[in-house]
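Student: So that you have it, the file is entry00.cif, and it contains mmCIF, C-alpha atoms and all ligand atoms:
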data_final
loop_
_atom_site.label_atom_id
_atom_site.label_comp_id
_atom_site.auth_asym_id
_atom_site.auth_seq_id
_atom_site.Cartn_x
_atom_site.Cartn_y
_atom_site.Cartn_z
CA MET J 1 -9.51 -10.63 5.33
CA ASN J 2 -11.96 -9.33 2.75
CA LEU J 3 -11.67 -10.30 -0.88
CA ASP J 4 -10.51 -6.94 -2.17
CA PHE J 5 -7.70 -6.75 0.41
CA LEU J 6 -4.75 -5.25 -1.47
CA LEU J 7 -1.51 -7.17 -1.03
CA ILE J 8 1.64 -5.42 -2.22
CA ALA J 9 4.84 -7.41 -1.70
CA GLY J 10 8.38 -7.60 -2.99
CA PRO J 11 11.94 -6.89 -1.92
CA CYS J 12 13.11 -3.74 -0.20
CA SER J 13 15.48 -3.22 -3.15
CA ALA J 14 15.81 -4.66 -6.62
CA GLU J 15 19.34 -6.11 -6.37
CA SER J 16 19.72 -8.39 -9.39
CA ARG J 17 17.56 -9.72 -12.21
CA GLU J 18 17.58 -13.19 -10.66
CA GLN J 19 16.64 -11.95 -7.17
CA VAL J 20 13.74 -9.89 -8.58
CA LEU J 21 12.33 -12.66 -10.80
CA GLU J 22 12.76 -15.44 -8.22
CA THR J 23 11.08 -13.37 -5.51
CA ALA J 24 8.18 -12.50 -7.83
CA LYS J 25 7.79 -16.18 -8.78
CA GLY J 26 7.56 -17.12 -5.09
CA LEU J 27 5.07 -14.36 -4.36
CA VAL J 28 2.67 -15.22 -7.19
CA ALA J 29 1.59 -18.24 -5.10
CA SER J 30 0.38 -15.90 -2.33
CA GLY J 31 -1.91 -14.15 -4.77
CA ILE J 32 -0.28 -10.75 -4.38
CA SER J 33 -1.95 -7.83 -6.15
CA ILE J 34 1.13 -5.67 -6.87
CA PHE J 35 4.88 -6.39 -6.93
CA ARG J 36 7.08 -3.78 -5.20
CA ALA J 37 10.85 -3.19 -5.37
CA GLY J 38 12.97 -0.15 -4.55
CA VAL J 39 15.09 1.09 -7.44
CA TRP J 40 16.47 4.24 -5.76
CA LYS J 41 16.94 3.64 -2.06
CA PRO J 42 16.90 6.44 0.51
CA ARG J 43 19.60 5.43 3.04
CA SER J 44 20.28 7.21 6.30
CA LYS J 45 24.06 7.02 5.84
CA PRO J 46 26.23 7.39 2.73
CA GLY J 47 28.19 4.37 1.52
CA LEU J 48 25.29 1.91 1.96
CA PHE J 49 23.61 0.18 -1.00
CA GLU J 50 21.57 2.88 -2.74
CA GLY J 51 19.76 0.69 -5.29
CA VAL J 52 20.80 -0.26 -8.81
CA GLY J 53 18.83 2.66 -10.30
CA GLU J 54 17.31 2.95 -13.78
CA GLU J 55 18.88 -0.31 -15.00
CA SER J 56 16.74 -2.33 -12.54
CA LEU J 57 13.47 -0.94 -13.94
CA LYS J 58 13.94 -3.46 -16.77
CA TRP J 59 13.75 -6.34 -14.27
CA LEU J 60 10.52 -4.95 -12.83
CA ASN J 61 9.16 -4.77 -16.33
CA GLU J 62 10.00 -8.45 -16.84
CA VAL J 63 7.97 -9.27 -13.71
CA LYS J 64 5.04 -7.34 -15.17
CA ILE J 65 5.19 -9.30 -18.43
CA GLN J 66 6.04 -12.78 -17.08
CA PHE J 67 3.68 -12.83 -14.09
CA HIS J 68 1.00 -10.34 -15.22
CA LEU J 69 1.58 -8.35 -12.05
CA PRO J 70 1.37 -4.56 -11.79
CA ILE J 71 4.68 -3.14 -10.51
CA ALA J 72 5.48 -0.43 -7.96
CA THR J 73 8.58 1.54 -7.07
CA GLU J 74 9.55 4.52 -4.90
CA VAL J 75 10.07 7.95 -6.45
CA SER J 76 11.57 10.90 -4.67
CA SER J 77 12.29 13.38 -7.47
CA ALA J 78 10.95 14.54 -10.85
CA ASP J 79 13.70 12.50 -12.58
CA HIS J 80 12.59 9.33 -10.80
CA VAL J 81 8.99 9.97 -11.90
CA ARG J 82 10.03 10.41 -15.52
CA MET J 83 12.19 7.26 -15.57
CA ALA J 84 9.60 5.14 -13.72
CA LEU J 85 6.68 6.19 -15.94
CA ASP J 86 8.80 5.81 -19.10
CA ALA J 87 9.46 2.23 -17.92
CA GLU J 88 5.70 1.62 -17.49
CA VAL J 89 5.74 1.33 -13.71
CA ASP J 90 2.07 1.10 -12.63
CA TYR J 91 2.20 2.35 -9.04
CA LEU J 92 4.53 4.93 -7.50
CA TRP J 93 5.12 5.20 -3.79
CA ILE J 94 6.28 8.22 -1.86
CA GLY J 95 8.66 7.30 0.98
CA ALA J 96 8.35 8.58 4.53
CA ARG J 97 11.31 10.95 4.16
CA THR J 98 9.80 12.47 1.01
CA THR J 99 6.28 12.90 2.47
CA THR J 100 7.96 15.04 5.12
CA ASN J 101 9.00 17.59 2.46
CA PRO J 102 6.16 19.48 0.68
CA PHE J 103 8.62 20.96 -1.90
CA LEU J 104 9.58 17.47 -3.05
CA VAL J 105 6.00 16.20 -2.99
CA GLN J 106 4.94 19.13 -5.19
CA GLU J 107 7.86 18.50 -7.57
CA ILE J 108 6.75 14.86 -7.88
CA ALA J 109 3.08 15.81 -8.37
CA ASP J 110 4.05 18.31 -11.11
CA ALA J 111 6.24 15.72 -12.88
CA ILE J 112 3.36 13.22 -12.88
CA ALA J 113 0.92 15.86 -14.14
CA VAL J 114 3.02 16.62 -17.23
CA HIS J 115 3.94 13.01 -18.08
CA PRO J 116 1.82 11.45 -20.87
CA ARG J 117 1.55 8.12 -18.97
CA LYS J 118 -0.24 8.29 -15.61
CA PRO J 119 0.30 5.84 -12.77
CA LYS J 120 -2.62 3.58 -11.78
CA GLY J 121 -2.03 4.60 -8.21
CA ILE J 122 0.21 6.50 -5.83
CA LEU J 123 0.92 5.20 -2.33
CA VAL J 124 1.83 7.83 0.22
CA LYS J 125 3.73 6.63 3.29
CA ASN J 126 3.20 8.57 6.49
CA PRO J 127 5.85 11.22 7.23
CA ILE J 128 8.61 10.40 9.74
CA SER J 129 6.89 12.21 12.64
CA PRO J 130 3.20 11.82 13.53
CA ASP J 131 2.03 14.99 11.76
CA VAL J 132 -1.32 14.05 10.20
CA ASN J 133 -1.66 17.34 8.30
CA LEU J 134 1.66 16.78 6.54
CA TRP J 135 0.46 13.33 5.48
CA VAL J 136 -2.96 14.64 4.33
CA GLY J 137 -1.25 17.58 2.58
CA ALA J 138 1.02 15.27 0.57
CA ILE J 139 -1.99 13.17 -0.44
CA GLU J 140 -3.92 16.27 -1.53
CA ARG J 141 -1.00 17.51 -3.67
CA LEU J 142 -0.85 14.09 -5.37
CA GLN J 143 -4.62 13.78 -5.82
CA ALA J 144 -4.43 16.71 -8.18
CA CYS J 145 -1.96 15.18 -10.65
CA GLY J 146 -4.14 12.79 -12.66
CA ALA J 147 -3.36 9.38 -11.09
CA GLU J 148 -6.35 7.03 -10.89
CA GLU J 149 -6.06 6.60 -7.12
CA VAL J 150 -4.00 7.84 -4.18
CA MET J 151 -3.67 5.56 -1.15
CA ALA J 152 -2.17 6.04 2.30
CA VAL J 153 0.38 3.70 3.88
CA HIS J 154 0.93 3.63 7.64
CA ARG J 155 4.58 2.58 8.17
CA GLY J 156 4.98 3.92 11.71
CA PHE J 157 6.61 7.00 13.21
CA GLN J 158 9.70 8.14 15.04
CA THR J 159 8.32 9.48 18.30
CA GLY J 160 11.50 9.77 20.38
CA GLN J 161 9.97 7.29 22.89
CA PRO J 162 11.64 3.93 23.58
CA THR J 163 9.88 1.20 21.56
CA GLU J 164 10.59 -2.27 20.24
CA TYR J 165 9.42 -1.18 16.80
CA ARG J 166 11.69 0.39 14.22
CA ASN J 167 8.89 2.91 13.63
CA ALA J 168 6.16 2.85 16.25
CA PRO J 169 2.56 2.44 15.09
CA CYS J 170 0.21 5.33 15.81
CA TRP J 171 -3.21 3.88 14.99
CA SER J 172 -4.95 7.07 16.07
CA ALA J 173 -2.96 9.07 13.48
CA SER J 174 -4.13 6.71 10.73
CA PHE J 175 -7.75 7.08 11.88
CA ALA J 176 -7.38 10.86 12.06
CA LEU J 177 -6.23 10.69 8.42
CA LYS J 178 -9.27 8.57 7.48
CA LYS J 179 -11.51 11.15 9.17
CA GLN J 180 -10.14 13.88 6.91
CA LEU J 181 -10.08 11.64 3.81
CA PRO J 182 -12.93 9.14 4.37
CA THR J 183 -12.77 7.44 0.97
CA ILE J 184 -9.01 6.81 0.86
CA ARG J 185 -7.71 3.21 1.00
CA LEU J 186 -5.46 2.76 4.02
CA LEU J 187 -2.67 0.16 3.95
CA LEU J 188 -0.23 -1.04 6.59
CA ASP J 189 3.50 -1.52 6.00
CA PRO J 190 4.35 -3.91 8.85
CA SER J 191 7.92 -4.37 7.55
CA HIS J 192 9.19 -0.83 8.14
CA MET J 193 7.04 -0.57 11.26
CA ALA J 194 8.45 -3.74 12.83
CA GLY J 195 12.04 -3.60 11.59
CA LYS J 196 12.30 -7.27 12.62
CA ARG J 197 10.55 -10.39 11.38
CA ARG J 198 9.19 -11.52 14.74
CA LEU J 199 6.84 -8.52 15.15
CA ILE J 200 5.32 -8.73 11.67
CA PRO J 201 2.54 -11.38 12.12
CA SER J 202 0.81 -9.57 14.99
CA LEU J 203 0.95 -6.27 13.11
CA ILE J 204 -0.74 -7.90 10.11
CA GLU J 205 -3.38 -9.32 12.40
CA GLN J 206 -4.03 -5.89 13.91
CA ALA J 207 -4.36 -4.35 10.45
CA VAL J 208 -6.98 -6.95 9.53
CA ALA J 209 -8.85 -6.47 12.82
CA LEU J 210 -8.82 -2.68 12.41
CA GLY J 211 -10.30 -2.88 8.92
CA TYR J 212 -7.24 -1.74 6.96
CA ASP J 213 -7.61 -2.11 3.19
CA GLY J 214 -4.31 -3.84 2.49
CA LEU J 215 -0.64 -4.38 3.22
CA MET J 216 2.71 -3.42 1.74
CA ILE J 217 5.25 -6.04 2.82
CA GLU J 218 8.91 -6.66 2.10
CA SER J 219 9.80 -10.12 0.84
CA HIS J 220 13.16 -11.40 -0.42
CA ILE J 221 14.11 -14.78 -1.80
CA HIS J 222 17.14 -14.87 0.59
CA PRO J 223 16.34 -12.33 3.35
CA ASP J 224 19.60 -12.79 5.26
CA GLN J 225 21.61 -11.82 2.19
CA ALA J 226 19.49 -8.74 1.39
CA LEU J 227 21.51 -5.59 0.66
CA SER J 228 19.00 -3.43 2.57
CA ASP J 229 16.57 -4.10 5.43
CA ALA J 230 17.68 -7.74 5.85
CA ASP J 231 16.16 -8.10 9.36
CA GLN J 232 12.62 -7.29 8.31
CA GLN J 233 12.27 -9.21 5.04
CA LEU J 234 10.40 -12.53 4.83
CA THR J 235 10.80 -15.30 2.28
CA PRO J 236 7.76 -15.62 0.00
CA GLU J 237 7.03 -18.99 1.69
CA THR J 238 7.04 -17.49 5.20
CA LEU J 239 4.79 -14.67 4.06
CA HIS J 240 2.45 -17.22 2.48
CA SER J 241 2.15 -19.23 5.69
CA ILE J 242 1.69 -16.14 7.92
CA LEU J 243 -1.14 -14.89 5.69
CA GLY J 244 -2.70 -18.38 5.51
CA ALA J 245 -2.67 -18.73 9.32
CA ILE J 246 -4.26 -15.31 9.81
CA GLN J 247 -6.91 -16.04 7.21
CA THR J 248 -7.80 -19.35 8.89
CA ARG J 249 -7.97 -17.70 12.32
CA THR J 250 -10.12 -14.80 11.14
CA SER J 251 -12.58 -17.03 9.28
CA SER J 252 -12.90 -19.51 12.19
CA ALA J 253 -13.33 -16.55 14.56
CA SER J 254 -16.21 -15.34 12.44
CA ASP J 255 -17.78 -18.86 12.57
CA SER J 256 -17.75 -18.83 16.36
CA LEU J 257 -19.24 -15.31 16.35
CA LEU J 258 -22.28 -16.43 14.39
CA PRO J 259 -24.43 -17.93 17.23
CA LEU J 260 -23.63 -14.93 19.45
CA ARG J 261 -24.62 -12.55 16.68
CA GLN J 262 -27.94 -14.38 16.33
CA GLN J 263 -28.53 -13.90 20.07
CA ILE J 264 -27.75 -10.17 19.72
CA ASP J 265 -30.28 -9.91 16.86
CA GLU J 266 -32.98 -11.57 18.96
CA ILE J 267 -32.25 -9.37 22.00
CA ASP J 268 -32.37 -6.21 19.85
CA GLU J 269 -35.75 -7.28 18.45
CA SER J 270 -37.10 -7.78 21.98
CA ILE J 271 -35.75 -4.37 23.08
CA PHE J 272 -37.50 -2.62 20.20
CA ALA J 273 -40.73 -4.60 20.69
CA LEU J 274 -40.77 -3.40 24.31
CA ILE J 275 -40.05 0.19 23.28
CA SER J 276 -42.93 0.06 20.85
CA LYS J 277 -45.22 -1.29 23.63
CA ARG J 278 -44.03 1.55 25.87
CA MET J 279 -44.91 4.09 23.15
CA GLU J 280 -48.44 2.63 22.95
CA VAL J 281 -48.92 3.21 26.68
CA SER J 282 -47.46 6.69 26.29
CA ARG J 283 -49.96 7.51 23.56
CA LYS J 284 -52.88 6.48 25.83
CA ILE J 285 -51.47 8.67 28.63
CA GLY J 286 -51.28 11.50 26.08
CA GLN J 287 -55.00 11.19 25.30
CA ILE J 288 -55.89 11.39 29.02
CA LYS J 289 -53.54 14.40 29.51
CA LYS J 290 -55.23 16.13 26.59
CA SER J 291 -58.77 15.49 27.84
CA GLU J 292 -57.87 16.67 31.35
CA SER J 293 -55.73 19.60 30.10
CA LEU J 294 -52.60 18.37 31.87
CA PRO J 295 -49.11 19.39 30.65
CA VAL J 296 -47.26 16.89 28.44
CA PHE J 297 -43.90 17.38 30.18
CA GLN J 298 -44.08 16.77 33.92
CA GLU J 299 -40.65 17.50 35.31
CA GLU J 300 -41.08 15.78 38.67
CA ARG J 301 -42.40 12.56 37.15
CA PHE J 302 -39.48 12.40 34.66
CA ALA J 303 -36.91 13.10 37.41
CA GLU J 304 -38.44 10.27 39.48
CA LEU J 305 -38.29 7.87 36.49
CA MET J 306 -34.70 8.82 35.68
CA ASN J 307 -33.60 8.36 39.30
CA LYS J 308 -35.16 4.90 39.46
CA ARG J 309 -33.44 3.86 36.23
CA LEU J 310 -30.05 5.25 37.31
CA LYS J 311 -30.30 3.40 40.64
CA TRP J 312 -31.14 0.22 38.76
CA ALA J 313 -28.22 0.83 36.34
CA LYS J 314 -25.80 1.13 39.27
CA GLU J 315 -27.06 -2.08 40.88
CA ASN J 316 -26.83 -3.97 37.59
CA GLY J 317 -23.43 -2.74 36.41
CA LEU J 318 -24.65 -0.60 33.49
CA SER J 319 -23.09 2.78 32.79
CA ALA J 320 -25.15 5.69 34.09
CA GLU J 321 -24.18 7.68 31.00
CA MET J 322 -25.69 5.12 28.63
CA VAL J 323 -28.89 4.60 30.66
CA GLU J 324 -29.37 8.38 30.88
CA ALA J 325 -28.94 8.76 27.10
CA ILE J 326 -31.46 5.97 26.39
CA MET J 327 -33.99 7.37 28.88
CA ASN J 328 -33.68 10.85 27.39
CA ALA J 329 -34.23 9.50 23.86
CA ILE J 330 -37.31 7.48 24.94
CA HIS J 331 -38.75 10.39 26.91
CA GLU J 332 -38.26 12.82 24.05
CA GLU J 333 -40.11 10.48 21.69
CA SER J 334 -42.95 10.00 24.23
CA CYS J 335 -43.36 13.77 24.58
CA LYS J 336 -43.53 14.12 20.79
CA LEU J 337 -46.27 11.45 20.64
CA GLN J 338 -48.31 13.23 23.29
CA MET J 339 -48.22 16.65 21.64
C1 LIG D 1 10.53 1.25 1.43
O1 LIG D 1 9.33 0.98 1.36
O2 LIG D 1 11.40 0.56 0.92
C2 LIG D 1 10.94 2.44 2.22
C3 LIG D 1 12.13 2.97 2.12
O3 LIG D 1 9.98 2.83 3.05
P1 LIG D 1 9.86 4.07 4.06
O4 LIG D 1 9.83 5.28 3.22
O5 LIG D 1 8.58 3.76 4.76
O6 LIG D 1 11.06 4.02 4.98
MN MN D 2 12.98 -1.22 3.04
#
In structure tokens, what does this structure look like?
Tutor:
Amino acid sequence: MNLDFLLIAGPCSAESREQVLETAKGLVASGISIFRAGVWKPRSKPGLFEGVGEESLKWLNEVKIQFHLPIATEVSSADHVRMALDAEVDYLWIGARTTTNPFLVQEIADAIAVHPRKPKGILVKNPISPDVNLWVGAIERLQACGAEEVMAVHRGFQTGQPTEYRNAPCWSASFALKKQLPTIRLLLDPSHMAGKRRLIPSLIEQAVALGYDGLMIESHIHPDQALSDADQQLTPETLHSILGAIQTRTSSASDSLLPLRQQIDEIDESIFALISKRMEVSRKIGQIKKSESLPVFQEERFAELMNKRLKWAKENGLSAEMVEAIMNAIHEESCKLQM
């Protein structure tokens, strides 16, 4: 994990003052960067816990003051934006259901643009279905509203295919997003992706291996009693030990990579020393060709060389495609030297 890895953690929902403050206290030990809690909860069915609402913003504010932690909450309307920014919320996130709707995203962007206090950052979850343009479009609308930074959060997709995840990862969609927006910070939300605790550690490990810039994770002081998303929340202690184990594994892995990397460096130096020797010989051939008025490019000779190398590649288990590309590059350079 690199040092500027962004770690956002906190409960799915702010349920009570005590639950919010106790969870934040536990999470401070893990060195989290931002404390999250849902104040208005989007629920699939009516009658479920929909968050405490505006009242709970006060508890988030207490976390900010007591623990010196920036705070984040979800907004899905202009009213939410106004209330959250009035309450000095630092980061706003846009939920997956909201990202799906460009009308709502625009309403949120407009509400941020006219508010005198700007968020430090906006986190945009991927839309429900793997539509990269919808995700990029939401980010672009929000990049125009005056926030310091807009980040992307991969929380998985509904694909209609059977999967053990609550929302299946689509790594290629997140890389397609990075291709369109190369400078954006990309975070993983393993909680909503997994939907269950057991799948979370390996998702975190994949995010680290794939070079993600951070995580947004749900953590609750008493996960089994959580009023929303109980199955996917971790205690602050469990989160701490999962992150510690991954950190130890990734740093010891890099220790064992060191001698192999030294070998690679030495091999690369030898390869380039040989190429430079080959270019010297090529230059001498060029002088002879010039004095005897022979053509620089001799098709038959190159075809013969290429065939020999491709035969060798096959016998030695190297891909013909790679050997052909290398030979073409070397030959092109030799021709240039002889002209
Ligand atoms: C959440 O982060 O609490 C949430 C509701 O996320 P999503 O929009 O990814 O479902
Ligand atoms: Mn949740």
Student: Quick one: distance from atom CA of J:Ile112 to atom CA of J:Leu142 in Å, one decimal?
Tutor: 8.7 Å
Student: Every residue with an atom at most 10 Å from (14.6, -20.6, 2.2) (file coordinates; all atoms listed in the file) is what I'm after, so could you write them as an MDAnalysis selection string?
Tutor: chainID J and resid 220:224 234:238
Student: Excluding stretch 267-284 of chain J and residues on its chain fewer than 2 positions from it, collect all residues at most 7 Å away from it, counting all atoms listed in the file, and give them as a PyMOL selection string.
Tutor: chain J and resi 263-265+286-288+334+337-338
Student: What residues have any atom no more than 7 Å from ligand LIG 1 (chain D) when counting all atoms listed in the file, and can you list them as an MDAnalysis selection string?
Tutor: chainID J and resid 12:13 38 41:42 94:97 125 155 192
Student: Around ligand MN 2 (chain D), at most 10 Å away and counting only C-alpha atoms and all ligand atoms, which residues are there? Put them as a PyMOL selection string, please.
Tutor: chain J and resi 10-13+37-38+41-43+95+189+191-192+195+217-219+227-233
Student: Put those residues in a file: C-alpha atoms, as a PDB file, in the coordinates of the input.
Tutor:
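Written out: again_22.pdb:
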ATOM      1  CA  GLY J  10       8.380  -7.600  -2.990  1.00  0.00           C
ATOM      2  CA  PRO J  11      11.940  -6.890  -1.920  1.00  0.00           C
ATOM      3  CA  CYS J  12      13.110  -3.740  -0.200  1.00  0.00           C
ATOM      4  CA  SER J  13      15.480  -3.220  -3.150  1.00  0.00           C
ATOM      5  CA  ALA J  37      10.850  -3.190  -5.370  1.00  0.00           C
ATOM      6  CA  GLY J  38      12.970  -0.150  -4.550  1.00  0.00           C
ATOM      7  CA  LYS J  41      16.940   3.640  -2.060  1.00  0.00           C
ATOM      8  CA  PRO J  42      16.900   6.440   0.510  1.00  0.00           C
ATOM      9  CA  ARG J  43      19.600   5.430   3.040  1.00  0.00           C
ATOM     10  CA  GLY J  95       8.660   7.300   0.980  1.00  0.00           C
ATOM     11  CA  ASP J 189       3.500  -1.520   6.000  1.00  0.00           C
ATOM     12  CA  SER J 191       7.920  -4.370   7.550  1.00  0.00           C
ATOM     13  CA  HIS J 192       9.190  -0.830   8.140  1.00  0.00           C
ATOM     14  CA  GLY J 195      12.040  -3.600  11.590  1.00  0.00           C
ATOM     15  CA  ILE J 217       5.250  -6.040   2.820  1.00  0.00           C
ATOM     16  CA  GLU J 218       8.910  -6.660   2.100  1.00  0.00           C
ATOM     17  CA  SER J 219       9.800 -10.120   0.840  1.00  0.00           C
ATOM     18  CA  LEU J 227      21.510  -5.590   0.660  1.00  0.00           C
ATOM     19  CA  SER J 228      19.000  -3.430   2.570  1.00  0.00           C
ATOM     20  CA  ASP J 229      16.570  -4.100   5.430  1.00  0.00           C
ATOM     21  CA  ALA J 230      17.680  -7.740   5.850  1.00  0.00           C
ATOM     22  CA  ASP J 231      16.160  -8.100   9.360  1.00  0.00           C
ATOM     23  CA  GLN J 232      12.620  -7.290   8.310  1.00  0.00           C
ATOM     24  CA  GLN J 233      12.270  -9.210   5.040  1.00  0.00           C
TER      25      GLN J 233
END
Student: Taking into account only C-alpha atoms, which residue in the set J:Ile71, J:Ala14, J:Val63, J:Val153 is nearest to J:Glu50?
Tutor: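 Among J:Ile71, J:Ala14, J:Val63, J:Val153, it is J:Ala14 that comes nearest to J:Glu50.
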Student: Excluding J:Ala87 and residues on its chain fewer than 6 positions from it, collect all residues at most 8 Å away from it, counting all atoms listed in the file, and give them as a ChimeraX atom specification.
Tutor: /J:57-58,61
Student: List the spatial neighbours of J:Phe297 as a VMD selection string - criterion: any atom at most 7 Å away, all atoms listed in the file, same-chain residues fewer than 2 positions off excluded.
Tutor: chain J and resid 295 299 335
